[in-house]
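Q: Got a file for you: input_24.cif, mmCIF, C-alpha atoms.
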data_protein
loop_
_atom_site.group_PDB
_atom_site.id
_atom_site.type_symbol
_atom_site.label_atom_id
_atom_site.label_comp_id
_atom_site.auth_asym_id
_atom_site.auth_seq_id
_atom_site.Cartn_x
_atom_site.Cartn_y
_atom_site.Cartn_z
ATOM 1 C CA MET A 1 0.000 0.000 0.000
ATOM 2 C CA VAL A 2 2.768 2.450 0.935
ATOM 3 C CA THR A 3 4.758 1.485 -2.147
ATOM 4 C CA ARG A 4 1.731 2.071 -4.386
ATOM 5 C CA PHE A 5 1.027 5.471 -2.801
ATOM 6 C CA VAL A 6 4.637 6.592 -3.226
ATOM 7 C CA ALA A 7 4.705 5.268 -6.785
ATOM 8 C CA ARG A 8 1.601 7.244 -7.729
ATOM 9 C CA GLN A 9 3.011 10.409 -6.184
ATOM 10 C CA LEU A 10 6.266 9.936 -8.077
ATOM 11 C CA SER A 11 4.263 9.523 -11.257
ATOM 12 C CA TRP A 12 1.915 12.450 -10.642
ATOM 13 C CA PRO A 13 2.658 14.615 -7.550
ATOM 14 C CA ARG A 14 -0.414 16.238 -5.948
ATOM 15 C CA GLY A 15 -1.110 18.285 -2.828
ATOM 16 C CA MET A 16 0.964 18.151 0.348
ATOM 17 C CA ALA A 17 2.034 14.572 -0.327
ATOM 18 C CA GLY A 18 3.137 15.714 -3.761
ATOM 19 C CA TRP A 19 5.186 18.522 -2.243
ATOM 20 C CA LEU A 20 6.926 16.042 0.072
ATOM 21 C CA THR A 21 7.493 13.650 -2.821
ATOM 22 C CA ARG A 22 8.997 16.426 -4.960
ATOM 23 C CA THR A 23 11.316 17.346 -2.089
ATOM 24 C CA LEU A 24 12.519 13.763 -1.736
ATOM 25 C CA MET A 25 12.875 13.464 -5.526
ATOM 26 C CA ASN A 26 15.067 16.567 -5.542
ATOM 27 C CA ARG A 27 17.506 14.872 -3.198
ATOM 28 C CA GLY A 28 17.424 11.439 -4.814
ATOM 29 C CA ASN A 29 17.765 12.727 -8.362
ATOM 30 C CA ALA A 30 20.784 14.964 -7.761
ATOM 31 C CA GLY A 31 23.360 12.615 -9.272
ATOM 32 C CA LEU A 32 21.388 11.838 -12.403
ATOM 33 C CA ASN A 33 20.408 15.501 -12.833
ATOM 34 C CA SER A 34 24.087 16.420 -12.791
ATOM 35 C CA LEU A 35 24.897 13.779 -15.386
ATOM 36 C CA ALA A 36 22.024 14.900 -17.610
ATOM 37 C CA LEU A 37 23.119 18.531 -17.401
ATOM 38 C CA GLU A 38 26.703 17.577 -18.185
ATOM 39 C CA VAL A 39 25.628 15.667 -21.292
ATOM 40 C CA LEU A 40 23.181 18.355 -22.451
ATOM 41 C CA ALA A 41 25.797 21.107 -21.929
ATOM 42 C CA PRO A 42 23.482 24.094 -22.526
ATOM 43 C CA THR A 43 24.932 27.487 -23.461
ATOM 44 C CA PRO A 44 23.544 31.012 -22.945
ATOM 45 C CA LYS A 45 22.423 30.983 -26.586
ATOM 46 C CA ASP A 46 20.354 27.796 -26.259
ATOM 47 C CA ARG A 47 16.622 27.316 -25.900
ATOM 48 C CA VAL A 48 16.095 24.251 -23.704
ATOM 49 C CA LEU A 49 13.056 22.121 -22.872
ATOM 50 C CA GLU A 50 12.654 20.029 -19.728
ATOM 51 C CA VAL A 51 9.768 17.556 -19.626
ATOM 52 C CA GLY A 52 8.560 16.293 -16.262
ATOM 53 C CA PHE A 53 10.539 18.771 -14.163
ATOM 54 C CA GLY A 54 8.867 17.829 -10.862
ATOM 55 C CA GLY A 55 10.511 19.665 -7.963
ATOM 56 C CA GLY A 56 12.496 21.935 -10.272
ATOM 57 C CA VAL A 57 16.067 21.254 -9.163
ATOM 58 C CA LEU A 58 17.347 20.761 -12.698
ATOM 59 C CA LEU A 59 15.206 23.706 -13.834
ATOM 60 C CA ARG A 60 17.095 25.977 -11.446
ATOM 61 C CA ARG A 61 20.389 24.986 -13.023
ATOM 62 C CA LEU A 62 19.018 25.211 -16.556
ATOM 63 C CA VAL A 63 17.636 28.701 -15.968
ATOM 64 C CA GLY A 64 21.124 29.724 -14.841
ATOM 65 C CA GLN A 65 22.876 28.313 -17.905
ATOM 66 C CA ALA A 66 20.545 28.403 -20.921
ATOM 67 C CA GLY A 67 19.212 31.464 -22.673
ATOM 68 C CA PHE A 68 15.594 30.307 -22.468
ATOM 69 C CA VAL A 69 14.008 27.407 -20.591
ATOM 70 C CA CYS A 70 10.592 25.858 -21.111
ATOM 71 C CA GLY A 71 9.275 23.343 -18.596
ATOM 72 C CA VAL A 72 6.364 20.997 -19.316
ATOM 73 C CA ASP A 73 4.850 18.828 -16.589
ATOM 74 C CA ARG A 74 1.561 16.939 -16.292
ATOM 75 C CA SER A 75 1.204 17.962 -12.631
ATOM 76 C CA ALA A 76 -0.646 21.271 -12.232
ATOM 77 C CA ASP A 77 0.883 21.610 -8.756
ATOM 78 C CA ALA A 78 4.408 21.304 -10.173
ATOM 79 C CA VAL A 79 3.678 23.879 -12.881
ATOM 80 C CA ALA A 80 2.213 26.340 -10.365
ATOM 81 C CA ALA A 81 5.213 25.897 -8.053
ATOM 82 C CA ALA A 82 7.652 26.537 -10.910
ATOM 83 C CA GLN A 83 5.749 29.642 -12.000
ATOM 84 C CA ARG A 84 6.064 31.041 -8.485
ATOM 85 C CA ARG A 85 9.677 30.036 -8.004
ATOM 86 C CA PHE A 86 10.894 31.337 -11.360
ATOM 87 C CA ALA A 87 8.609 34.371 -11.617
ATOM 88 C CA ALA A 88 11.547 36.709 -12.262
ATOM 89 C CA ALA A 89 12.799 34.582 -15.167
ATOM 90 C CA ILE A 90 9.288 34.482 -16.625
ATOM 91 C CA ARG A 91 8.964 38.288 -16.406
ATOM 92 C CA ALA A 92 12.357 38.643 -18.114
ATOM 93 C CA GLY A 93 11.211 36.397 -20.956
ATOM 94 C CA ASN A 94 13.751 33.717 -20.096
ATOM 95 C CA ALA A 95 11.386 30.952 -18.972
ATOM 96 C CA GLU A 96 7.880 29.559 -19.313
ATOM 97 C CA PHE A 97 6.047 26.596 -17.797
ATOM 98 C CA LYS A 98 3.196 24.640 -19.310
ATOM 99 C CA LEU A 99 0.846 21.854 -18.338
ATOM 100 C CA GLY A 100 1.129 18.911 -20.714
ATOM 101 C CA THR A 101 2.405 15.428 -21.444
ATOM 102 C CA VAL A 102 5.388 14.229 -23.418
ATOM 103 C CA GLU A 103 3.117 12.358 -25.828
ATOM 104 C CA ASN A 104 1.369 15.611 -26.805
ATOM 105 C CA LEU A 105 3.652 18.551 -26.077
ATOM 106 C CA PRO A 106 1.916 21.969 -26.249
ATOM 107 C CA LEU A 107 4.845 23.403 -28.196
ATOM 108 C CA PRO A 108 5.703 24.409 -31.779
ATOM 109 C CA ASP A 109 7.969 22.462 -34.123
ATOM 110 C CA ALA A 110 11.739 22.962 -34.106
ATOM 111 C CA ALA A 111 11.634 25.442 -31.206
ATOM 112 C CA PHE A 112 14.493 24.164 -29.022
ATOM 113 C CA ASP A 113 18.206 23.418 -29.161
ATOM 114 C CA GLY A 114 18.082 20.826 -26.393
ATOM 115 C CA ALA A 115 15.609 18.696 -24.467
ATOM 116 C CA VAL A 116 16.027 16.794 -21.225
ATOM 117 C CA SER A 117 13.934 14.579 -18.990
ATOM 118 C CA VAL A 118 15.069 12.730 -15.872
ATOM 119 C CA HIS A 119 13.334 9.770 -14.213
ATOM 120 C CA THR A 120 10.130 10.178 -16.231
ATOM 121 C CA VAL A 121 10.297 7.540 -18.970
ATOM 122 C CA TYR A 122 8.760 4.923 -16.637
ATOM 123 C CA PHE A 123 5.542 6.963 -16.660
ATOM 124 C CA TRP A 124 5.268 7.656 -20.381
ATOM 125 C CA SER A 125 2.237 5.926 -21.849
ATOM 126 C CA ASP A 126 4.053 5.497 -25.165
ATOM 127 C CA LEU A 127 7.858 5.642 -25.309
ATOM 128 C CA PRO A 128 8.120 5.912 -29.135
ATOM 129 C CA ALA A 129 5.412 8.613 -29.261
ATOM 130 C CA GLY A 130 7.116 10.656 -26.548
ATOM 131 C CA SER A 131 10.428 10.339 -28.361
ATOM 132 C CA ARG A 132 8.823 11.521 -31.609
ATOM 133 C CA GLU A 133 7.351 14.548 -29.843
ATOM 134 C CA LEU A 134 10.748 15.486 -28.455
ATOM 135 C CA ALA A 135 12.226 15.143 -31.931
ATOM 136 C CA ARG A 136 9.452 17.344 -33.346
ATOM 137 C CA THR A 137 10.201 20.174 -30.918
ATOM 138 C CA LEU A 138 13.970 20.093 -31.503
ATOM 139 C CA ARG A 139 15.814 21.872 -34.257
ATOM 140 C CA PRO A 140 18.100 19.801 -36.516
ATOM 141 C CA GLY A 141 21.296 19.211 -34.578
ATOM 142 C CA GLY A 142 19.521 19.571 -31.222
ATOM 143 C CA ARG A 143 20.382 17.137 -28.444
ATOM 144 C CA VAL A 144 18.025 15.089 -26.292
ATOM 145 C CA VAL A 145 19.027 13.579 -22.926
ATOM 146 C CA LEU A 146 16.835 11.068 -21.079
ATOM 147 C CA GLY A 147 18.050 10.032 -17.635
ATOM 148 C CA PHE A 148 16.729 6.772 -16.211
ATOM 149 C CA LEU A 149 17.336 3.762 -14.002
ATOM 150 C CA PRO A 150 17.542 0.711 -16.292
ATOM 151 C CA ARG A 151 15.103 -2.151 -15.954
ATOM 152 C CA ASP A 152 17.505 -4.587 -14.285
ATOM 153 C CA GLN A 153 17.915 -2.074 -11.451
ATOM 154 C CA MET A 154 14.318 -0.846 -11.418
ATOM 155 C CA ASP A 155 12.959 -4.371 -11.052
ATOM 156 C CA LYS A 156 14.772 -4.686 -7.719
ATOM 157 C CA LEU A 157 12.595 -1.878 -6.329
ATOM 158 C CA GLN A 158 9.419 -3.894 -7.018
ATOM 159 C CA MET A 159 7.369 -0.859 -7.988
ATOM 160 C CA PRO A 160 3.756 -1.532 -9.086
ATOM 161 C CA ALA A 161 3.621 -2.502 -12.745
ATOM 162 C CA ASP A 162 0.460 -0.476 -13.404
ATOM 163 C CA VAL A 163 2.317 2.720 -12.422
ATOM 164 C CA PHE A 164 5.927 2.081 -13.492
ATOM 165 C CA THR A 165 7.036 0.703 -16.866
ATOM 166 C CA PRO A 166 10.747 -0.154 -16.536
ATOM 167 C CA ARG A 167 12.847 0.583 -19.625
ATOM 168 C CA THR A 168 15.891 -1.291 -20.859
ATOM 169 C CA PRO A 169 18.823 0.498 -22.477
ATOM 170 C CA ASP A 170 17.823 -1.069 -25.803
ATOM 171 C CA ASP A 171 14.265 0.259 -25.375
ATOM 172 C CA MET A 172 15.631 3.767 -25.034
ATOM 173 C CA LEU A 173 18.062 3.646 -27.922
ATOM 174 C CA GLU A 174 15.533 2.046 -30.270
ATOM 175 C CA ALA A 175 12.877 4.641 -29.418
ATOM 176 C CA LEU A 176 15.253 7.531 -30.079
ATOM 177 C CA THR A 177 16.565 6.083 -33.326
ATOM 178 C CA GLY A 178 13.038 5.330 -34.515
ATOM 179 C CA ALA A 179 11.952 8.887 -33.726
ATOM 180 C CA GLY A 180 14.467 10.447 -36.094
ATOM 181 C CA PHE A 181 17.508 10.886 -33.881
ATOM 182 C CA SER A 182 21.047 9.882 -34.813
ATOM 183 C CA SER A 183 24.149 8.995 -32.797
ATOM 184 C CA ALA A 184 22.066 7.461 -30.004
ATOM 185 C CA GLU A 185 24.257 6.324 -27.119
ATOM 186 C CA LEU A 186 24.327 5.749 -23.380
ATOM 187 C CA ARG A 187 26.357 7.711 -20.841
ATOM 188 C CA ARG A 188 27.087 6.621 -17.279
ATOM 189 C CA ARG A 189 29.314 7.781 -14.470
ATOM 190 C CA GLU A 190 31.578 5.095 -13.058
ATOM 191 C CA GLY A 191 29.961 3.281 -10.162
ATOM 192 C CA SER A 192 26.511 4.760 -10.801
ATOM 193 C CA PRO A 193 23.424 2.657 -11.649
ATOM 194 C CA TRP A 194 21.822 5.488 -13.637
ATOM 195 C CA LEU A 195 22.075 5.958 -17.378
ATOM 196 C CA ALA A 196 21.602 8.913 -19.693
ATOM 197 C CA ALA A 197 20.378 8.048 -23.185
ATOM 198 C CA THR A 198 21.355 10.819 -25.575
ATOM 199 C CA ALA A 199 21.014 11.452 -29.307
ATOM 200 C CA ILE A 200 21.063 14.199 -31.937
ATOM 201 C CA ARG A 201 18.087 15.375 -33.981
ATOM 202 C CA ARG A 202 18.706 14.705 -37.667
#
Please express what this file holds, its structure, as structure tokens.
A:
Amino acid sequence: MVTRFVARQLSWPRGMAGWLTRTLMNRGNAGLNSLALEVLAPTPKDRVLEVGFGGGVLLRRLVGQAGFVCGVDRSADAVAAAQRRFAAAIRAGNAEFKLGTVENLPLPDAAFDGAVSVHTVYFWSDLPAGSRELARTLRPGGRVVLGFLPRDQMDKLQMPADVFTPRTPDDMLEALTGAGFSSAELRRREGSPWLAATAIRR
């Protein structure tokens, strides 16, 4: 019961429990967020998209490094929190936050130089469709980075199968390649269980 409750909050944070879950996620995701940011390597000239930003820890770093940051999350609470937290960046025209899902991003074509999502692919209803949407929103030459815990590690956590869909490294690379990305590869820091799947928009 506790595992199911936590799993649902990880998937879709709501209310006070969602706030607590986002806080815990911020701490637990620090290592993978750092890896994802390192691989994405945004510059002050870049427009960057983060999907499923949750507690906003990676957003804070993106807003400090990229020229413009757009965050999309399916949790209205997460979007409202980001709008409050980054109000100054929004007023300056350097950030915006939208309610939406990766399978149907509320964004124009070829609008971003980079896209990143960390610990969200387990909750996507359709991995290939989400990958195609990310490709659609990226300009040619844009980089995508998807941070995740691979299936062999995720299975050890025994999360409920109706909430979490574990992904293998091959799942990730095949979805990106099939969506129109090239140079798909995996990055990992030595000794870490997490992976970052990255590729370039053709």
Q: Counting only C-alpha atoms, which of A:Gly191, A:Gly93, A:Gly147, A:Pro160 gets nearest to A:Met172?
A: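 Going through A:Gly191, A:Gly93, A:Gly147, A:Pro160 one by one, the smallest distance to A:Met172 is for A:Gly147.
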Q: Which is closest to A:Ala111 among A:Ala95, A:Ala129, A:Val145, A:Leu49, if we use all atoms listed in the file?
A: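 Using all atoms listed in the file, the shortest distance to A:Ala111 belongs to A:Leu49.
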Q: May I have the residues within 12 Å of A:Asp113 as an NGL selection string, using all atoms listed in the file and disregarding those fewer than 6 positions away in the same chain?
A: :A and (40-50 or 66-70 or 134-145 or 200-201)
Q: Please compute the atom CA of A:Arg189-atom CA of A:Asp152 distance, one decimal, in Å.
A: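 So the two atoms, atom CA of A:Arg189 and atom CA of A:Asp152, lie 17.1 Å apart.
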Q: Grab the atom CA of A:Val72 to atom CA of A:Gly31 distance for me, in Å with one decimal place.
A: 21.4 Å
Q: In Å, with one decimal, what is the gap from atom CA of A:Pro169 to atom CA of A:Arg60?
A: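 If I compute the distance from atom CA of A:Pro169 to atom CA of A:Arg60, I get 27.8 Å.
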Q: Taking into account all atoms listed in the file, which residue in the set A:Ser131, A:Lys98, A:Ser182, A:Phe164 is nearest to A:Ala80?
A: A:Lys98
Q: Which residue gives the smallest distance to A:Arg187 among A:Gln83, A:Pro106, A:Ala89, A:Ala199, with all atoms listed in the file counted?
A: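 Counting all atoms listed in the file, the residue closest to A:Arg187 is A:Ala199.
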Q: List as an NGL selection string the residues having at least one atom at most 10 Å from position (10.8, 6.6, -30.3) as given in the file, counting all atoms listed in the file.
A: :A and (126-135 or 171-181)
Q: Pull C-alpha atoms from the residues just selected and write them as an mmCIF file, in the coordinates of the input.
A:
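Output saved as result_17.cif:
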data_model
loop_
_atom_site.group_PDB
_atom_site.id
_atom_site.type_symbol
_atom_site.label_atom_id
_atom_site.label_comp_id
_atom_site.auth_asym_id
_atom_site.auth_seq_id
_atom_site.Cartn_x
_atom_site.Cartn_y
_atom_site.Cartn_z
ATOM 1 C CA ASP A 126 4.053 5.497 -25.165
ATOM 2 C CA LEU A 127 7.858 5.642 -25.309
ATOM 3 C CA PRO A 128 8.120 5.912 -29.135
ATOM 4 C CA ALA A 129 5.412 8.613 -29.261
ATOM 5 C CA GLY A 130 7.116 10.656 -26.548
ATOM 6 C CA SER A 131 10.428 10.339 -28.361
ATOM 7 C CA ARG A 132 8.823 11.521 -31.609
ATOM 8 C CA GLU A 133 7.351 14.548 -29.843
ATOM 9 C CA LEU A 134 10.748 15.486 -28.455
ATOM 10 C CA ALA A 135 12.226 15.143 -31.931
ATOM 11 C CA ASP A 171 14.265 0.259 -25.375
ATOM 12 C CA MET A 172 15.631 3.767 -25.034
ATOM 13 C CA LEU A 173 18.062 3.646 -27.922
ATOM 14 C CA GLU A 174 15.533 2.046 -30.270
ATOM 15 C CA ALA A 175 12.877 4.641 -29.418
ATOM 16 C CA LEU A 176 15.253 7.531 -30.079
ATOM 17 C CA THR A 177 16.565 6.083 -33.326
ATOM 18 C CA GLY A 178 13.038 5.330 -34.515
ATOM 19 C CA ALA A 179 11.952 8.887 -33.726
ATOM 20 C CA GLY A 180 14.467 10.447 -36.094
ATOM 21 C CA PHE A 181 17.508 10.886 -33.881
#
Q: When the PyMOL selection byres ((chain A and resi 197) around 6) is applied to the file above, which residues end up in the set, as a PyMOL selection string?
A: chain A and resi 145-146+185-186+196+198
Q: With only C-alpha atoms as the basis for distance, which of A:Leu99, A:Val79, A:Leu32, A:Leu107 is at the shortest distance from A:Leu58?
A: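 Among the listed residues, A:Leu32 lies closest to A:Leu58.
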Q: Quick one: what's the axis-aligned box for stretch 43-60 of chain A, all listed atoms, 4 Å on every side, centre and edges in Å to one decimal, as lines of an AutoDock Vina configuration file?
A:
center_x = 16.7
center_y = 23.7
center_z = -17.3
size_x = 24.4
size_y = 22.7
size_z = 26.6
Q: Just checking: using all atoms listed in the file, which residue out of A:Val57, A:Ala110, A:Val51, A:Leu149 ends up closest to A:Arg74?
A: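 Of all the options, A:Val51 lies closest to A:Arg74.
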